[in-house]
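**Student:** Below you'll find run09.txt; it's compact mmCIF, C-alpha atoms.
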```txt
# COMPACT_ATOMS: atom_id res chain seq x y z
CA MET V 1 82.27 113.81 111.56
CA LYS V 2 80.08 112.04 114.10
CA ARG V 3 77.85 109.34 112.61
CA LEU V 4 74.60 110.92 113.86
CA ASP V 5 75.58 114.28 112.37
CA TYR V 6 76.50 112.55 109.12
CA TYR V 7 73.17 110.73 108.84
CA TYR V 8 71.31 113.92 109.71
CA LEU V 9 73.01 115.74 106.83
CA LYS V 10 72.31 112.84 104.47
CA ILE V 11 68.60 112.74 105.40
CA LYS V 12 68.30 116.52 105.23
CA SER V 13 69.95 116.64 101.81
CA ALA V 14 67.75 113.82 100.49
CA TRP V 15 64.64 115.57 101.80
CA LEU V 16 65.55 118.90 100.18
CA SER V 17 66.30 117.18 96.86
CA ASP V 18 63.09 115.09 96.91
CA THR V 19 65.03 111.81 96.86
CA LEU V 20 64.37 110.62 100.41
CA LEU V 21 61.72 108.05 99.44
CA ALA V 22 63.81 106.47 96.67
CA LYS V 23 66.89 106.31 98.90
CA SER V 24 64.90 104.81 101.77
CA LYS V 25 63.65 102.00 99.52
CA SER V 26 67.20 101.31 98.33
CA HIS V 27 68.43 101.26 101.93
CA LEU V 28 65.80 98.71 102.94
CA ILE V 29 66.93 96.41 100.14
CA LEU V 30 70.49 96.63 101.41
CA ILE V 31 69.41 95.76 104.94
CA PHE V 32 67.23 92.73 104.20
CA LEU V 33 68.16 91.14 100.85
CA ILE V 34 71.87 91.68 100.37
CA PRO V 35 73.03 89.85 103.56
CA LEU V 36 71.41 86.63 102.30
CA LYS V 37 73.14 86.93 98.94
CA ILE V 38 76.49 87.53 100.65
CA LEU V 39 76.18 84.48 102.91
CA ILE V 40 75.26 82.20 100.01
CA GLY V 41 78.12 83.54 97.90
CA TYR V 42 80.64 83.16 100.73
CA MET V 43 79.62 79.57 101.50
CA ARG V 44 80.20 78.65 97.86
CA LEU V 45 83.85 79.76 98.05
CA SER V 46 86.57 77.16 98.36
CA LYS V 47 88.13 76.57 101.75
CA THR V 48 91.30 78.28 100.54
CA ASP V 49 89.38 81.39 99.48
CA ARG V 50 87.49 81.53 102.76
CA CYS V 51 90.88 81.58 104.52
CA LEU V 52 92.33 84.49 102.51
CA ASN V 53 94.36 86.90 104.65
CA ILE V 54 92.06 89.89 104.95
CA GLU V 55 93.16 90.94 108.45
CA SER V 56 96.65 91.99 107.29
CA GLY V 57 95.07 94.04 104.53
CA PHE V 58 93.04 96.13 106.97
CA ILE V 59 95.63 96.92 109.62
CA ASP V 60 96.75 100.54 109.92
CA HIS V 61 99.62 100.56 107.42
CA ARG V 62 100.72 104.02 108.49
CA GLN V 63 102.54 102.39 111.37
CA GLN V 64 104.61 100.18 109.05
CA GLU V 65 108.10 100.91 107.69
CA TYR V 66 106.99 100.32 104.10
CA PHE V 67 104.33 103.04 104.21
CA GLN V 68 104.87 106.01 101.88
CA ARG V 69 104.56 109.45 103.50
CA SER V 70 103.34 112.67 101.89
CA ASN V 71 105.73 114.83 99.91
CA ILE V 72 105.46 118.49 100.91
CA ASP V 73 106.20 119.69 97.37
CA ASP V 74 103.36 117.52 96.05
CA LEU V 75 100.99 119.07 98.60
CA ARG V 76 102.00 122.57 97.51
CA ARG V 77 101.29 121.71 93.88
CA ILE V 78 97.92 120.16 94.75
CA ILE V 79 96.83 123.21 96.77
CA SER V 80 97.91 125.57 93.99
CA ALA V 81 96.05 123.55 91.34
CA TYR V 82 92.93 123.32 93.51
CA LYS V 83 92.82 127.05 94.16
CA ALA V 84 93.37 127.83 90.48
CA ALA V 85 90.54 125.46 89.56
CA LYS V 86 88.11 126.90 92.13
CA HIS V 87 88.94 130.43 90.96
CA GLN V 88 87.90 129.54 87.42
CA GLN V 89 85.06 127.16 88.27
CA SER V 90 82.53 129.93 88.85
CA GLN V 91 83.24 131.23 85.34
CA ALA V 92 82.56 127.87 83.69
CA VAL V 93 79.54 127.47 81.44
CA SER V 94 76.33 126.46 83.19
CA SER V 95 76.47 122.89 81.87
CA PHE V 96 79.67 122.38 83.88
CA GLN V 97 78.19 123.59 87.15
CA ILE V 98 77.87 120.77 89.68
CA HIS V 99 74.30 119.64 90.38
CA GLY V 100 72.55 116.46 91.47
CA LEU V 101 74.23 113.60 93.29
CA TRP V 102 77.74 115.05 93.39
CA ASP V 103 76.55 118.41 94.68
CA GLU V 104 75.10 116.52 97.65
CA TRP V 105 78.19 114.35 98.16
CA ILE V 106 80.55 117.33 98.21
CA SER V 107 78.45 119.25 100.72
CA VAL V 108 78.19 116.24 103.06
CA ASN V 109 81.54 114.44 102.70
CA TYR V 110 84.25 116.90 101.64
CA LYS V 111 84.18 119.66 104.25
CA GLU V 112 87.40 118.64 106.07
CA LEU V 113 89.32 118.20 102.82
CA ILE V 114 88.08 121.53 101.45
CA ASP V 115 89.02 123.33 104.68
CA ALA V 116 92.54 121.89 104.58
CA LEU V 117 93.01 122.88 100.92
CA GLU V 118 91.60 126.38 101.26
CA ASN V 119 93.51 127.14 104.47
CA GLU V 120 96.72 125.54 103.18
CA ASN V 121 96.86 123.38 106.28
CA PHE V 122 99.65 120.98 105.32
CA ASN V 123 99.39 118.93 108.48
CA ASP V 124 95.64 118.25 108.14
CA LEU V 125 95.98 117.69 104.41
CA SER V 126 98.79 115.21 104.91
CA CYS V 127 96.76 113.32 107.53
CA ILE V 128 93.76 113.08 105.19
CA PHE V 129 95.77 111.99 102.15
CA GLU V 130 97.87 109.45 104.05
CA ASN V 131 94.62 107.81 105.15
CA ILE V 132 92.58 108.59 102.03
CA PHE V 133 91.25 105.08 101.42
CA ARG V 134 89.61 105.18 104.85
CA GLU V 135 88.46 108.81 104.82
CA GLN V 136 84.83 109.84 104.35
CA CYS V 137 85.75 112.00 101.34
CA SER V 138 86.60 108.83 99.40
CA ILE V 139 82.94 107.73 99.41
CA GLY V 140 82.05 106.81 95.85
CA ILE V 141 85.64 107.05 94.56
CA GLY V 142 87.80 104.79 96.72
CA GLY V 143 87.96 102.37 99.61
CA PHE V 144 85.87 104.04 102.32
CA TYR V 145 82.93 101.67 101.88
CA ASP V 146 85.25 98.65 102.18
CA PHE V 147 86.78 100.09 105.34
CA LYS V 148 83.33 100.53 106.90
CA ARG V 149 82.10 97.11 105.75
CA TYR V 150 85.11 95.36 107.27
CA LYS V 151 83.88 96.38 110.72
CA THR V 152 80.35 95.02 110.20
CA VAL V 153 79.08 91.55 111.12
CA LEU V 154 79.15 90.24 107.55
CA GLY V 155 81.91 92.54 106.34
CA LYS V 156 84.66 89.93 105.96
CA PHE V 157 82.27 87.56 104.18
CA TYR V 158 81.22 90.34 101.79
CA LEU V 159 84.77 91.45 100.99
CA LYS V 160 86.10 87.92 100.38
CA TYR V 161 83.11 87.00 98.22
CA VAL V 162 83.44 90.06 95.98
CA TRP V 163 87.25 89.88 95.86
CA CYS V 164 87.22 86.24 94.73
CA ASN V 165 84.58 86.99 92.12
CA TYR V 166 86.64 89.84 90.66
CA ARG V 167 89.82 87.75 90.79
CA ASN V 168 88.11 84.96 88.83
CA ILE V 169 86.96 87.46 86.20
CA LEU V 170 90.57 88.60 85.82
CA ARG V 171 91.77 85.01 85.56
CA SER V 172 89.21 84.36 82.82
CA ILE V 173 91.30 86.49 80.45
CA ASP V 174 94.47 84.56 81.36
CA PHE V 175 95.89 87.42 83.40
CA ASP V 176 98.53 86.61 86.00
CA ILE V 177 97.41 88.30 89.23
CA GLU V 178 101.05 88.53 90.32
CA LYS V 179 101.52 91.22 87.67
CA ILE V 180 99.32 93.57 89.67
CA ASP V 181 101.25 96.22 91.55
CA PHE V 182 99.84 98.77 93.96
CA PRO V 183 101.75 101.45 95.88
CA ASN V 184 101.83 101.69 99.67
CA VAL V 185 99.92 104.95 99.50
CA GLY V 186 96.83 106.21 101.31
CA ASN V 187 96.38 103.34 103.79
CA GLN V 188 94.97 100.95 101.20
CA THR V 189 92.63 98.13 102.25
CA GLY V 190 92.16 94.69 100.71
CA ILE V 191 93.48 91.14 100.66
CA LEU V 192 97.15 90.40 101.30
CA CYS V 193 98.16 88.59 98.11
CA ASN V 194 101.76 87.74 97.18
CA GLY V 195 103.01 90.32 99.66
CA LYS V 196 100.82 93.08 98.20
CA ILE V 197 97.58 94.58 99.46
CA ILE V 198 95.07 94.25 96.62
CA SER V 199 91.46 95.45 96.81
CA GLN V 200 88.61 94.24 94.63
CA THR V 201 88.58 97.69 93.02
CA THR V 202 92.20 97.19 91.97
CA LEU V 203 91.27 93.82 90.43
CA ARG V 204 88.53 95.56 88.44
CA HIS V 205 90.90 98.30 87.33
CA ALA V 206 93.48 95.74 86.22
CA TYR V 207 90.85 94.02 84.06
CA GLN V 208 89.77 97.33 82.53
CA GLY V 209 93.39 98.34 82.03
CA VAL V 210 93.97 95.18 80.00
CA GLU V 211 90.88 95.95 77.88
CA ILE V 212 92.15 99.46 77.16
CA SER V 213 95.66 98.23 76.36
CA LYS V 214 94.32 95.69 73.85
CA LEU V 215 92.15 98.30 72.13
CA LEU V 216 95.14 100.61 71.68
CA SER V 217 97.73 97.93 70.88
CA ASP V 218 98.10 99.11 67.27
CA THR V 219 98.12 102.82 68.12
CA LEU V 220 101.44 104.66 68.25
CA GLN V 221 101.83 106.73 71.46
CA PRO V 222 98.14 106.55 72.39
CA SER V 223 96.45 109.21 74.50
CA ILE V 224 93.67 108.42 76.99
CA VAL V 225 91.17 110.71 78.70
CA GLU V 226 89.19 109.52 81.70
CA ILE V 227 86.26 111.65 82.79
CA GLY V 228 85.51 111.20 86.48
CA ALA V 229 88.44 109.03 87.55
CA GLY V 230 87.80 108.99 91.28
CA MET V 231 90.97 108.03 93.14
CA GLY V 232 92.87 107.44 89.89
CA GLY V 233 93.09 103.66 90.28
CA LEU V 234 92.36 102.84 86.64
CA ALA V 235 95.05 105.25 85.50
CA GLN V 236 97.52 103.67 87.92
CA GLN V 237 96.80 100.13 86.72
CA THR V 238 96.66 100.99 83.01
CA ILE V 239 99.97 102.86 83.06
CA SER V 240 101.63 100.15 85.16
CA LEU V 241 100.51 97.47 82.68
CA ASP V 242 101.23 99.34 79.43
CA GLU V 243 104.40 101.41 79.00
CA GLN V 244 103.40 102.43 75.45
CA ILE V 245 100.76 104.93 76.61
CA SER V 246 101.89 108.45 75.80
CA LYS V 247 99.35 110.49 77.76
CA TYR V 248 96.77 109.65 80.40
CA ILE V 249 94.62 112.67 81.29
CA ILE V 250 92.01 112.88 84.03
CA PHE V 251 89.22 115.44 84.21
CA ASP V 252 87.29 115.65 87.46
CA ILE V 253 85.66 118.11 89.82
CA PRO V 254 88.33 120.06 91.79
CA GLU V 255 87.79 118.30 95.11
CA VAL V 256 88.15 114.83 93.62
CA ALA V 257 90.97 116.00 91.34
CA ALA V 258 92.96 116.96 94.45
CA ILE V 259 92.64 113.36 95.71
CA SER V 260 93.61 111.69 92.43
CA SER V 261 96.50 114.15 92.07
CA TYR V 262 97.90 113.04 95.41
CA PHE V 263 97.45 109.36 94.62
CA LEU V 264 99.11 109.55 91.21
CA LEU V 265 101.95 111.84 92.28
CA SER V 266 102.68 109.40 95.10
CA SER V 267 102.28 106.32 92.89
CA PHE V 268 104.56 107.55 90.10
CA PRO V 269 107.34 109.67 91.61
CA ASN V 270 109.47 109.12 88.49
CA LYS V 271 106.84 110.16 85.95
CA LYS V 272 105.99 113.67 84.84
CA VAL V 273 102.58 114.62 86.22
CA ARG V 274 100.96 117.91 85.15
CA LEU V 275 98.36 119.62 87.33
CA PHE V 276 96.06 122.52 86.49
CA GLY V 277 97.94 125.78 85.99
CA GLU V 278 101.25 124.04 85.23
CA GLY V 279 100.90 123.96 81.45
CA LEU V 280 98.48 123.57 78.56
CA VAL V 281 95.39 121.38 78.72
CA SER V 282 96.49 119.29 75.76
CA ALA V 283 96.83 115.64 74.75
CA ASP V 284 99.51 116.32 72.13
CA ALA V 285 102.34 113.80 72.23
CA SER V 286 104.88 116.64 72.21
CA GLU V 287 103.69 117.92 75.59
CA GLU V 288 106.25 117.02 78.25
CA TYR V 289 104.19 115.00 80.70
CA ASP V 290 102.99 111.41 81.18
CA LEU V 291 99.90 112.00 83.31
CA ALA V 292 97.72 115.03 83.89
CA VAL V 293 94.90 115.88 86.28
CA PHE V 294 92.69 118.82 85.32
CA PRO V 295 89.35 120.24 86.55
CA HIS V 296 86.29 118.99 84.69
CA PHE V 297 85.37 122.29 83.05
CA SER V 298 88.76 122.60 81.30
CA ILE V 299 88.05 119.58 79.08
CA ASN V 300 86.64 121.84 76.38
CA GLN V 301 90.20 123.16 75.81
CA LEU V 302 91.27 119.88 74.20
CA PRO V 303 91.98 120.26 70.45
CA ASP V 304 89.87 118.47 67.84
CA LEU V 305 90.65 114.79 67.18
CA SER V 306 93.47 114.68 69.74
CA VAL V 307 92.45 111.79 72.02
CA ASP V 308 92.57 108.09 71.10
CA LEU V 309 90.28 106.79 73.84
CA PHE V 310 87.73 108.35 76.18
CA TYR V 311 86.61 106.40 79.24
CA ASN V 312 83.82 106.98 81.72
CA SER V 313 82.43 104.76 84.45
CA CYS V 314 79.23 105.64 86.32
CA SER V 315 79.78 109.38 86.67
CA PHE V 316 77.89 110.26 83.45
CA SER V 317 74.80 108.67 85.01
CA GLU V 318 75.40 110.54 88.27
CA MET V 319 75.59 114.06 86.86
CA ASP V 320 73.01 116.43 85.51
CA GLY V 321 71.75 115.36 82.09
CA GLU V 322 72.75 118.63 80.40
CA SER V 323 76.29 118.23 81.71
CA CYS V 324 76.43 114.71 80.29
CA LYS V 325 75.30 115.98 76.88
CA GLU V 326 78.07 118.59 76.99
CA TYR V 327 80.66 115.87 77.58
CA LEU V 328 79.25 113.77 74.74
CA GLY V 329 79.61 116.74 72.42
CA ILE V 330 83.26 117.10 73.42
CA ILE V 331 83.89 113.39 72.86
CA GLU V 332 82.38 113.72 69.37
CA ARG V 333 84.72 116.62 68.61
CA VAL V 334 87.93 115.42 70.29
CA GLY V 335 87.79 111.61 70.15
CA ARG V 336 89.59 110.06 67.19
CA LYS V 337 89.22 106.34 67.95
CA PHE V 338 87.24 104.92 70.90
CA PHE V 339 84.72 105.82 73.58
CA MET V 340 84.30 103.26 76.40
CA ASN V 341 81.20 103.93 78.48
CA ASP V 342 80.24 101.99 81.63
CA ASN V 343 77.01 103.47 83.01
CA HIS V 344 73.70 102.49 84.54
CA ASP V 345 70.04 103.20 83.81
CA TYR V 346 69.03 104.33 87.30
CA ILE V 347 67.10 107.62 87.16
CA TYR V 348 68.08 110.40 89.56
CA LYS V 349 65.98 113.50 90.09
CA PHE V 350 67.26 116.24 92.39
CA LYS V 351 65.82 119.54 93.47
CA ASN V 352 68.66 122.05 93.33
CA SER V 353 69.17 124.89 95.79
CA ASP V 354 67.66 127.32 93.26
CA LYS V 355 64.50 125.11 93.12
CA SER V 356 65.27 123.88 89.60
CA ILE V 357 65.09 120.14 88.90
CA SER V 358 68.20 118.23 87.89
CA THR V 359 67.70 114.92 86.06
CA ASN V 360 70.44 112.58 84.92
CA LEU V 361 70.86 111.00 81.50
CA ILE V 362 70.77 107.20 81.83
CA GLY V 363 73.47 105.04 80.25
CA SER V 364 71.35 103.71 77.38
CA LYS V 365 70.71 107.32 76.28
CA GLN V 366 74.38 108.36 76.35
CA ILE V 367 74.89 107.83 72.63
CA PRO V 368 77.42 109.84 70.59
CA ASP V 369 76.46 111.13 67.13
CA VAL V 370 75.71 108.04 65.00
CA LEU V 371 77.18 109.78 61.97
CA LYS V 372 80.54 109.95 63.73
CA PHE V 373 80.59 106.86 65.99
CA LYS V 374 79.34 103.30 65.62
CA GLN V 375 78.47 101.00 68.52
CA VAL V 376 80.90 98.07 68.65
CA TYR V 377 79.25 96.32 71.59
CA LYS V 378 76.74 96.62 74.39
CA LYS V 379 77.11 94.04 77.14
CA PRO V 380 76.01 93.55 80.76
CA ARG V 381 78.46 95.08 83.20
CA THR V 382 81.39 92.74 83.82
CA HIS V 383 81.86 93.75 87.46
CA GLY V 384 79.09 94.39 89.92
CA LEU V 385 78.62 94.54 93.68
CA PRO V 386 75.88 92.53 95.41
CA GLU V 387 73.87 95.68 96.14
CA ASP V 388 73.92 96.68 92.45
CA SER V 389 72.23 93.54 91.14
CA SER V 390 68.83 95.20 90.73
CA ILE V 391 70.23 98.12 88.68
CA ILE V 392 70.25 97.91 84.88
CA HIS V 393 73.86 98.51 83.90
CA PHE V 394 75.71 98.00 80.61
CA GLU V 395 79.16 98.55 79.15
CA TYR V 396 79.37 100.17 75.74
CA LEU V 397 82.16 100.58 73.22
CA TYR V 398 81.87 103.12 70.41
CA GLU V 399 84.36 103.53 67.55
CA ARG V 400 84.88 106.58 65.37
CA ILE V 401 83.78 106.12 61.75
CA SER V 402 83.97 109.71 60.46
CA ARG V 403 86.48 112.53 61.01
CA SER V 404 84.02 115.21 59.91
```
Would you write out, as structure tokens, the structure that this file holds?

**Tutor:**
Amino acid sequence: MKRLDYYYLKIKSAWLSDTLLAKSKSHLILIFLIPLKILIGYMRLSKTDRCLNIESGFIDHRQQEYFQRSNIDDLRRIISAYKAAKHQQSQAVSSFQIHGLWDEWISVNYKELIDALENENFNDLSCIFENIFREQCSIGIGGFYDFKRYKTVLGKFYLKYVWCNYRNILRSIDFDIEKIDFPNVGNQTGILCNGKIISQTTLRHAYQGVEISKLLSDTLQPSIVEIGAGMGGLAQQTISLDEQISKYIIFDIPEVAAISSYFLLSSFPNKKVRLFGEGLVSADASEEYDLAVFPHFSINQLPDLSVDLFYNSCSFSEMDGESCKEYLGIIERVGRKFFMNDNHDYIYKFKNSDKSISTNLIGSKQIPDVLKFKQVYKKPRTHGLPEDSSIIHFEYLYERISRS
């Protein structure tokens, strides 16, 4: 999509949803204040860190022998799961209908992916997936922003500054960065480190994966559900770091689920991955799969008290408030141990196509039933980008106290 057409659609969508003024203010902050913060942060890095090999991390890896190509059988499964999900999506309860920020993002950024899936165009789909970290449809879920930043005047300064910050956070918990593994899938971007291309997002996911593993260290065959997993990076890191996990299940909107399905199928060719329509939506240890990717509305099929840990980052605060409440109700019913919640307090208000108003539920209001869950901690977000510094954002951990 041409840049002028893209910005026209963004402005038009913001105008129709009555968010143009708020987004314009945010954009001005990015233009004038963030560059100064980036330059100061970069100059404080050591000489070694300023010389990190970022160029090798942003070459086109598709031309290299090590690059992993698409598997045609995987593409068939992804198309089948997507079509099954879209067929049932219209029948989902109203609280699972997509409104607000993600309704806008899908309409603006996902057209080419949707066309390839609906038309079963394997060639186009393969081209998109093999370059997914640099494709427009990975906005908000993957590496597209990094790819665009790299080409800007201060892009390399920004990426090195954030990467080093996230690496230092990981080192603070005595984690050996050499343990991080990342597949040669999707034309990943990042810093070349110990022969591997590692992005700052992967560093964040490794840290969060360690947190999850520690929480579940005394749980036999733990099951994890992530709501809104984006590319699937946290799942990839958590499973790579902890072989004791029995089930890792992702629930996401069908378009994003198609992307995470590709990434995880490609990342774990030797694991059993279940997609929608290939078996029950269940977290039972007896089910014969290691990972699963299902559409968001199917989460209400999970049995009571069947999931050891629920995780959500940011997407609860980016969806309609009624949808968020529906998810909280499911967590109260299905969760048997922990709920990790990483969300912000930025208020979104959107005017939907039917003229109704969609308002999000901010992170500090996303509280499960206090008779069933207790708050273990509330702390400032561990990881944050320079442009997020003005947003109130906390991490929360809730633990189940009652099975009733």

**Student:** In the coordinates of the file, take the point (80.3, 86.7, 106.3) and a cut-off of 8 Å; then, counting only C-alpha atoms, name each qualifying protein, DNA or RNA residue as an mmCIF file with C-alpha atoms, in the coordinates of the input.

**Tutor:**
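Wrote part-v7.cif, looks like this:
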```cif
data_model
loop_
_atom_site.group_PDB
_atom_site.id
_atom_site.type_symbol
_atom_site.label_atom_id
_atom_site.label_comp_id
_atom_site.auth_asym_id
_atom_site.auth_seq_id
_atom_site.Cartn_x
_atom_site.Cartn_y
_atom_site.Cartn_z
ATOM 1 C CA ILE V 38 76.490 87.530 100.650
ATOM 2 C CA LEU V 39 76.180 84.480 102.910
ATOM 3 C CA TYR V 42 80.640 83.160 100.730
ATOM 4 C CA VAL V 153 79.080 91.550 111.120
ATOM 5 C CA LEU V 154 79.150 90.240 107.550
ATOM 6 C CA GLY V 155 81.910 92.540 106.340
ATOM 7 C CA LYS V 156 84.660 89.930 105.960
ATOM 8 C CA PHE V 157 82.270 87.560 104.180
ATOM 9 C CA TYR V 158 81.220 90.340 101.790
#
```

**Student:** At most 9 Å is the cut-off: for each residue in region 169-269 of chain V with any atom that close to an atom of region 314-318 of chain V, write down the nearest atom pair and the distance in Å rounded to one decimal, counting only C-alpha atoms, chain first then increasing number, as CSV.

**Tutor:**
```
residue,atom,partner,partner_atom,distance
V:Ile227,CA,V:Ser315,CA,7.9
V:Gly228,CA,V:Ser315,CA,6.0
V:Ala229,CA,V:Ser315,CA,8.7
```

**Student:** Which one of V:Gln188, V:Ser126, V:Ser298, V:Ser246 sits closest to Tyr262 (chain V) if you count all atoms listed in the file?

**Tutor:** V:Ser126

**Student:** Point out the residue among V:Ser358, V:Gln237, V:Ser260, V:Asn312 with the least atom-to-atom distance to Trp102 (chain V), counting all atoms listed in the file.

**Tutor:**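 Between V:Ser358, V:Gln237, V:Ser260, V:Asn312, the residue approaching Trp102 (chain V) most closely is V:Ser358.
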
**Student:** Between CA of Tyr161 (chain V) and CA of Lys379 (chain V), what distance in Å does the model show, to one decimal?

**Tutor:** 23.0 Å

**Student:** Ranking V:Val162, V:Cys137, V:Ile191, V:Ile78 by minimum distance to Pro386 (chain V) and counting only C-alpha atoms, which one comes first?

**Tutor:**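 Of V:Val162, V:Cys137, V:Ile191, V:Ile78, the one nearest Pro386 (chain V) is V:Val162, counting only C-alpha atoms.
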
**Student:** With all atoms listed in the file counted, which protein, DNA or RNA residues have an atom no more than 10 Å from (87.4, 109.6, 82.9) in the file frame? Please answer as a ChimeraX atom specification.

**Tutor:** /V:224-230,232,234-235,248-252,296,309-316,340-341

**Student:** Near Ala92 (chain V), within 12 Å and counting only C-alpha atoms, which residues show up once chain neighbours fewer than 5 positions away are dropped, as an MDAnalysis selection string?

**Tutor:** chainID V and resid 85:87 97:98 253 295:301 323

**Student:** Residues of the last selection are to be written out with C-alpha atoms, as a PDB file, in the coordinates of the input.

**Tutor:**
```pdb
ATOM      1  CA  ALA V  85      90.540 125.460  89.560  1.00  0.00           C
ATOM      2  CA  LYS V  86      88.110 126.900  92.130  1.00  0.00           C
ATOM      3  CA  HIS V  87      88.940 130.430  90.960  1.00  0.00           C
ATOM      4  CA  GLN V  97      78.190 123.590  87.150  1.00  0.00           C
ATOM      5  CA  ILE V  98      77.870 120.770  89.680  1.00  0.00           C
ATOM      6  CA  ILE V 253      85.660 118.110  89.820  1.00  0.00           C
ATOM      7  CA  PRO V 295      89.350 120.240  86.550  1.00  0.00           C
ATOM      8  CA  HIS V 296      86.290 118.990  84.690  1.00  0.00           C
ATOM      9  CA  PHE V 297      85.370 122.290  83.050  1.00  0.00           C
ATOM     10  CA  SER V 298      88.760 122.600  81.300  1.00  0.00           C
ATOM     11  CA  ILE V 299      88.050 119.580  79.080  1.00  0.00           C
ATOM     12  CA  ASN V 300      86.640 121.840  76.380  1.00  0.00           C
ATOM     13  CA  GLN V 301      90.200 123.160  75.810  1.00  0.00           C
ATOM     14  CA  SER V 323      76.290 118.230  81.710  1.00  0.00           C
TER      15      SER V 323
END
```

**Student:** Could you check the closest approach to Pro254 (chain V) for each of V:Leu216, V:Val370, V:Val293, V:Ile54 and tell me which residue wins, using all atoms listed in the file?

**Tutor:**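 Nearest to Pro254 (chain V): V:Val293.
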